[in-house]
Each structure stands twice: as C-alpha cells, then as structure tokens.
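Chemist: Just one file: data19.cif, with mmCIF, C-alpha atoms.
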data_upload
loop_
_atom_site.label_atom_id
_atom_site.label_comp_id
_atom_site.auth_asym_id
_atom_site.auth_seq_id
_atom_site.Cartn_x
_atom_site.Cartn_y
_atom_site.Cartn_z
CA MET U 1 14.62 -9.75 -25.34
CA SER U 2 18.07 -9.83 -23.81
CA GLU U 3 21.08 -8.30 -25.53
CA SER U 4 22.63 -11.64 -26.37
CA ASN U 5 19.40 -12.82 -28.02
CA LEU U 6 19.19 -9.57 -29.95
CA THR U 7 22.75 -9.84 -31.21
CA SER U 8 22.30 -13.48 -32.19
CA ASN U 9 19.05 -12.63 -34.02
CA LEU U 10 20.66 -9.68 -35.84
CA SER U 11 23.77 -11.50 -36.92
CA GLY U 12 22.15 -14.57 -38.36
CA ARG U 13 21.26 -17.98 -37.18
CA GLY U 14 24.39 -19.48 -35.72
CA LYS U 15 27.08 -16.83 -36.09
CA LYS U 16 27.86 -14.41 -33.31
CA MET U 17 28.40 -10.73 -33.92
CA THR U 18 31.73 -9.21 -32.98
CA SER U 19 31.74 -6.56 -30.29
CA SER U 20 33.05 -3.86 -32.66
CA ARG U 21 30.24 -4.58 -35.13
CA ARG U 22 27.68 -4.55 -32.31
CA HIS U 23 28.97 -1.20 -31.00
CA HIS U 24 28.96 0.24 -34.52
CA LEU U 25 25.30 -0.80 -35.01
CA LYS U 26 24.36 0.64 -31.61
CA SER U 27 25.97 3.97 -32.46
CA LEU U 28 24.12 4.04 -35.80
CA MET U 29 20.80 3.37 -34.08
CA LEU U 30 21.49 6.12 -31.54
CA GLN U 31 22.32 8.58 -34.34
CA ILE U 32 19.10 7.75 -36.17
CA ALA U 33 17.09 8.15 -32.95
CA ALA U 34 18.76 11.50 -32.27
CA THR U 35 17.84 12.81 -35.74
CA TRP U 36 14.25 11.63 -35.24
CA LEU U 37 14.09 13.51 -31.92
CA GLU U 38 15.47 16.67 -33.55
CA ASN U 39 12.92 16.43 -36.39
CA GLU U 40 10.10 15.92 -33.90
CA LYS U 41 11.23 18.95 -31.88
CA LYS U 42 11.33 21.11 -35.05
CA GLU U 43 7.84 19.94 -36.06
CA LEU U 44 6.47 20.84 -32.62
CA GLU U 45 8.03 24.32 -32.81
CA GLU U 46 6.60 24.88 -36.29
CA ALA U 47 3.14 23.73 -35.16
CA LYS U 48 3.33 26.08 -32.17
CA GLU U 49 4.34 29.03 -34.35
CA ALA U 50 1.52 28.29 -36.82
CA TYR U 51 -1.03 28.10 -33.99
CA MET U 52 0.20 31.36 -32.44
CA ALA U 53 0.11 33.14 -35.83
CA GLU U 54 -3.44 31.91 -36.46
CA ASN U 55 -4.96 32.51 -33.00
CA CYS U 56 -2.81 35.33 -31.60
CA PRO U 57 -2.12 38.00 -34.21
CA ALA U 58 0.49 40.61 -33.34
CA PRO U 59 -1.11 43.65 -31.67
CA ASP U 60 -1.21 46.94 -33.53
CA LEU U 61 0.99 49.25 -31.47
CA ASP U 62 0.73 52.30 -33.77
CA GLY U 63 -2.09 54.03 -31.80
CA ASP U 64 -1.90 56.61 -29.05
CA GLN U 65 -1.66 55.92 -25.32
CA ALA U 66 -5.43 55.41 -24.85
CA ALA U 67 -5.47 52.76 -27.57
CA LEU U 68 -2.51 50.99 -25.97
CA MET U 69 -4.27 51.06 -22.59
CA GLU U 70 -7.33 49.49 -24.22
CA ILE U 71 -5.17 46.73 -25.73
CA CYS U 72 -3.62 46.07 -22.31
CA LYS U 73 -7.07 45.79 -20.72
CA LYS U 74 -8.18 43.30 -23.37
CA LEU U 75 -5.02 41.26 -22.86
CA SER U 76 -5.49 41.19 -19.08
CA GLN U 77 -9.12 40.07 -19.54
CA ALA U 78 -7.97 37.30 -21.89
CA ILE U 79 -5.34 36.25 -19.33
CA ASP U 80 -8.01 36.15 -16.60
CA LYS U 81 -10.25 33.92 -18.74
CA ILE U 82 -7.35 31.58 -19.47
CA ASP U 83 -6.43 31.43 -15.77
CA GLU U 84 -10.03 30.53 -14.88
CA SER U 85 -10.11 27.74 -17.44
CA ARG U 86 -6.72 26.49 -16.22
CA TYR U 87 -7.95 26.51 -12.62
CA ASP U 88 -11.10 24.60 -13.63
CA ALA U 89 -9.02 22.05 -15.51
CA GLU U 90 -6.71 21.58 -12.51
CA ALA U 91 -9.71 21.10 -10.21
CA LYS U 92 -11.14 18.44 -12.54
CA VAL U 93 -7.79 16.67 -12.72
CA ASN U 94 -7.41 16.70 -8.93
CA LYS U 95 -10.95 15.38 -8.48
CA THR U 96 -10.42 12.53 -10.94
CA ASP U 97 -7.06 11.70 -9.34
CA LYS U 98 -8.77 11.36 -5.96
CA GLU U 99 -11.48 9.15 -7.49
CA ILE U 100 -8.81 6.98 -9.10
CA GLU U 101 -7.02 6.56 -5.77
CA GLU U 102 -10.28 5.64 -4.02
CA LEU U 103 -11.10 3.10 -6.72
CA LYS U 104 -7.62 1.59 -6.41
CA LEU U 105 -8.15 1.21 -2.67
CA LYS U 106 -11.53 -0.43 -3.27
CA VAL U 107 -9.98 -2.86 -5.74
CA VAL U 108 -7.34 -3.80 -3.18
CA GLU U 109 -10.01 -4.25 -0.51
CA LEU U 110 -12.17 -6.39 -2.79
CA ALA U 111 -9.25 -8.55 -3.85
CA GLY U 112 -8.33 -9.13 -0.24
CA VAL U 113 -5.16 -10.57 1.10
CA LYS U 114 -4.52 -14.11 0.00
CA LYS U 115 -3.40 -16.36 2.79
CA PRO U 116 -0.64 -18.77 1.91
CA ALA U 117 -1.43 -22.46 2.01
CA LEU U 118 -0.33 -24.03 5.25
CA LYS U 119 2.01 -26.98 5.11
CA LYS U 120 1.32 -30.13 7.05
CA VAL U 121 3.84 -30.64 9.79
CA ARG U 122 4.08 -33.80 11.81
CA MET U 123 5.28 -32.70 15.19
CA SER U 124 4.12 -33.44 18.68
CA ALA U 125 2.85 -30.68 20.92
CA ASP U 126 5.94 -31.04 23.14
CA ALA U 127 8.26 -30.66 20.15
CA MET U 128 6.37 -27.58 18.92
CA LEU U 129 6.57 -25.87 22.30
CA GLN U 130 10.24 -26.75 22.61
CA ALA U 131 10.88 -25.28 19.13
CA LEU U 132 9.02 -22.10 20.04
CA LEU U 133 10.60 -21.61 23.44
CA GLY U 134 14.07 -22.82 22.54
CA GLY U 135 16.09 -25.87 23.48
CA LYS U 136 16.97 -24.64 26.97
CA HIS U 137 13.45 -24.86 28.33
CA LYS U 138 11.99 -28.22 29.08
CA VAL U 139 8.33 -28.22 28.21
CA THR U 140 5.82 -30.94 28.78
CA MET U 141 2.27 -31.07 27.60
CA ASP U 142 1.14 -33.12 30.57
CA LEU U 143 -1.72 -30.81 31.40
CA ARG U 144 -2.91 -32.83 34.36
CA ALA U 145 0.41 -32.31 36.12
CA ASN U 146 0.02 -28.55 35.82
CA LEU U 147 -3.44 -28.49 37.30
CA LYS U 148 -3.88 -27.25 40.82
CA GLN U 149 -4.75 -29.91 43.32
CA VAL U 150 -7.94 -29.15 45.19
CA LYS U 151 -8.72 -31.12 48.27
CA LYS U 152 -12.23 -31.47 49.49
CA GLU U 153 -12.77 -30.48 53.04
CA VAL U 154 -15.07 -32.82 54.79
CA LYS U 155 -16.84 -31.29 57.73
CA GLU U 156 -18.99 -33.24 59.94
CA GLU U 157 -22.24 -31.51 60.46
CA ASN U 158 -23.69 -31.73 63.81
CA THR U 159 -27.21 -32.84 63.66
CA GLU U 160 -27.59 -32.04 67.22
CA ALA U 161 -30.36 -29.68 68.03
CA GLY U 162 -28.55 -28.57 71.16
CA ASP U 163 -26.34 -25.53 70.39
CA TRP U 164 -27.78 -23.59 67.48
CA ARG U 165 -25.10 -20.85 67.69
CA LYS U 166 -22.31 -23.27 66.77
CA ASN U 167 -24.31 -24.53 63.78
CA ILE U 168 -24.72 -20.93 62.51
CA GLU U 169 -20.96 -20.25 62.80
CA ASP U 170 -20.24 -23.38 60.72
CA LYS U 171 -22.67 -22.18 58.06
CA ALA U 172 -20.98 -18.72 58.03
CA ASP U 173 -17.55 -20.37 57.45
CA ARG U 174 -18.98 -22.29 54.52
CA LYS U 175 -20.47 -19.07 53.09
CA LYS U 176 -17.09 -17.31 53.33
CA MET U 177 -15.45 -20.20 51.53
CA PHE U 178 -17.81 -19.84 48.52
CA GLU U 179 -17.51 -16.06 48.43
CA SER U 180 -13.69 -16.12 48.33
CA THR U 181 -13.62 -18.26 45.17
#
Taking this structure as input, can you express it in the form of structure tokens?

Modeler:
Amino acid sequence: MSESNLTSNLSGRGKKMTSSRRHHLKSLMLQIAATWLENEKKELEEAKEAYMAENCPAPDLDGDQAALMEICKKLSQAIDKIDESRYDAEAKVNKTDKEIEELKLKVVELAGVKKPALKKVRMSADAMLQALLGGKHKVTMDLRANLKQVKKEVKEENTEAGDWRKNIEDKADRKKMFEST
C-alpha cells in the first residue's frame, strides 16, 4: 500500500491526516518497534546465558597444575569435536547450495527463452532493403538484372575425317572450358 493510501485509511474515510499528525504517529510506531527490538535482544541474551549455564558449567580451577592440564586437554578435545561438526555442516551447506544452483539452471533451461510474437509488416522487399541499408543506397530487387550474362559459344564441329589432330585440339579446348568452371 502506498503512503497516501495508508494515511487515508488511518485517518478515516474522507478526511486527510495532517502532516504533523502523520509524523507523530510514525514516531510512535518507530518507538514501539525499537522497544520490541530491545526486548527481543534481551530475551536472546537470557536464552543464551541459560543454555551456557545448563550445558557448559564453569570449570573447577581449584586443583593443582596436573588437574588444570587435564581440563585444558578436555577443552581442546571438545573444541576439536565442535570444529569437525562445524566443518561437516559447512560442507553440507555448500553441497546443497551447488545443487540448488544446478536446479535453478535446469529450470531456466526447461522454461526456455520465449520468443516475442512477430508483427505483420506490409513492406516491399525494395523498401525493406532500403530501410536496412539507409536512404543513400538505391537498392532494387530485380534479381534478373544482377545475374551474370552467360553467352553460349557455338563451335562448328568438323565432321571431316581428314585431319584428326585438329579435332583432338578442339576437344581439349572444350575439356579445359569445363574444368575451369
């Protein structure tokens, strides 16, 4: 809801709230929220202290040096166990994060990219090319004009049986013509 809707809903049906009244209500709400946050913080601290008192009793430091060394060894072993469990938890979290990322990628791949609907445009091929290439270029779609003109060469074949060497040279010229294309 926008602020204007909120103020109109708070103040009644048709009457608008004055800015001083609105600021006063905002400051009251912020004060109430601040006290709630303070109470929540105190409750968390109390819960933490209760947990520590229950699970971590204060060590007895009245013994001699050997007893203190034994307490230190036990504490270091407890710290090692906690570090191992923390490491295991981090590894599990990292593994699940990677799986989540892979699944997100699969979802994107399965959804695919939606192609926008094409609009119908009535435009000739010449107008489209002119729009693409700019107004300076004159473009025509007369494809037949752009085709290369090929002329057939008509050679008269000698059917004479007289000079067979000349006939072979003509055939070699024809062969070269087909190989070059």

Chemist: Record the distance separating CA of Ser76 (chain U) and CA of Lys92 (chain U), expressed in Å with one decimal.

Modeler: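 Going from CA of Ser76 (chain U) over to CA of Lys92 (chain U) covers 24.3 Å.
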
Chemist: Record the distance separating CA of Ala33 (chain U) and CA of Tyr51 (chain U), expressed in Å with one decimal.

Modeler: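 About the pair CA of Ala33 (chain U) and CA of Tyr51 (chain U): they are 27.0 Å apart.
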
Chemist: I want to know what sits within 8 Å of region 69-74 of chain U, based on all atoms listed in the file, with residues of the same chain fewer than 4 positions away left out; could you give that as JSON, numbers by chain?

Modeler: {"U": [59, 65, 78]}

Chemist: Complete region 79-100 of chain U at the level of N, CA, C and O atoms, written as a short mmCIF file (atom, residue, chain, number, x, y, z; two decimals), in the coordinates of the input.

Modeler:
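Written output follows (result_5.cif):
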data_model
loop_
_atom_site.label_atom_id
_atom_site.label_comp_id
_atom_site.auth_asym_id
_atom_site.auth_seq_id
_atom_site.Cartn_x
_atom_site.Cartn_y
_atom_site.Cartn_z
N ILE U 79 -6.17 37.01 -20.27
CA ILE U 79 -5.34 36.25 -19.33
C ILE U 79 -6.20 35.74 -18.18
O ILE U 79 -6.05 34.59 -17.74
N ASP U 80 -7.12 36.58 -17.68
CA ASP U 80 -8.01 36.15 -16.60
C ASP U 80 -8.88 34.97 -17.02
O ASP U 80 -9.06 34.01 -16.26
N LYS U 81 -9.42 35.02 -18.25
CA LYS U 81 -10.25 33.92 -18.74
C LYS U 81 -9.43 32.63 -18.85
O LYS U 81 -9.88 31.54 -18.48
N ILE U 82 -8.21 32.76 -19.33
CA ILE U 82 -7.35 31.58 -19.47
C ILE U 82 -7.00 31.02 -18.10
O ILE U 82 -6.99 29.79 -17.91
N ASP U 83 -6.73 31.90 -17.12
CA ASP U 83 -6.43 31.43 -15.77
C ASP U 83 -7.63 30.70 -15.15
O ASP U 83 -7.46 29.68 -14.48
N GLU U 84 -8.83 31.21 -15.39
CA GLU U 84 -10.03 30.53 -14.88
C GLU U 84 -10.18 29.15 -15.48
O GLU U 84 -10.47 28.17 -14.78
N SER U 85 -9.98 29.05 -16.79
CA SER U 85 -10.11 27.74 -17.44
C SER U 85 -9.01 26.78 -16.96
O SER U 85 -9.25 25.58 -16.77
N ARG U 86 -7.81 27.33 -16.73
CA ARG U 86 -6.72 26.49 -16.22
C ARG U 86 -7.04 26.00 -14.81
O ARG U 86 -6.83 24.82 -14.50
N TYR U 87 -7.58 26.89 -13.98
CA TYR U 87 -7.95 26.51 -12.62
C TYR U 87 -9.04 25.43 -12.64
O TYR U 87 -8.97 24.45 -11.89
N ASP U 88 -10.04 25.60 -13.51
CA ASP U 88 -11.10 24.60 -13.63
C ASP U 88 -10.54 23.25 -14.07
O ASP U 88 -10.93 22.20 -13.55
N ALA U 89 -9.62 23.30 -15.02
CA ALA U 89 -9.02 22.05 -15.51
C ALA U 89 -8.23 21.37 -14.40
O ALA U 89 -8.29 20.14 -14.23
N GLU U 90 -7.47 22.16 -13.62
CA GLU U 90 -6.71 21.58 -12.51
C GLU U 90 -7.64 20.96 -11.47
O GLU U 90 -7.36 19.90 -10.93
N ALA U 91 -8.75 21.64 -11.19
CA ALA U 91 -9.71 21.10 -10.21
C ALA U 91 -10.29 19.78 -10.70
O ALA U 91 -10.42 18.82 -9.92
N LYS U 92 -10.61 19.69 -11.99
CA LYS U 92 -11.14 18.44 -12.54
C LYS U 92 -10.10 17.33 -12.45
O LYS U 92 -10.41 16.18 -12.10
N VAL U 93 -8.86 17.67 -12.77
CA VAL U 93 -7.79 16.67 -12.72
C VAL U 93 -7.60 16.17 -11.29
O VAL U 93 -7.48 14.96 -11.06
N ASN U 94 -7.57 17.09 -10.33
CA ASN U 94 -7.41 16.70 -8.93
C ASN U 94 -8.56 15.81 -8.46
O ASN U 94 -8.36 14.82 -7.75
N LYS U 95 -9.78 16.17 -8.87
CA LYS U 95 -10.95 15.38 -8.48
C LYS U 95 -10.87 13.96 -9.06
O LYS U 95 -11.11 12.98 -8.35
N THR U 96 -10.52 13.87 -10.33
CA THR U 96 -10.42 12.53 -10.94
C THR U 96 -9.27 11.74 -10.35
O THR U 96 -9.37 10.51 -10.20
N ASP U 97 -8.16 12.41 -9.98
CA ASP U 97 -7.06 11.70 -9.34
C ASP U 97 -7.50 11.11 -8.01
O ASP U 97 -7.15 9.97 -7.68
N LYS U 98 -8.27 11.88 -7.24
CA LYS U 98 -8.77 11.36 -5.96
C LYS U 98 -9.70 10.17 -6.17
O LYS U 98 -9.64 9.17 -5.45
N GLU U 99 -10.57 10.27 -7.19
CA GLU U 99 -11.48 9.15 -7.49
C GLU U 99 -10.68 7.91 -7.89
O GLU U 99 -11.03 6.79 -7.49
N ILE U 100 -9.64 8.11 -8.67
CA ILE U 100 -8.81 6.98 -9.10
C ILE U 100 -8.17 6.32 -7.89
O ILE U 100 -8.14 5.08 -7.78
#
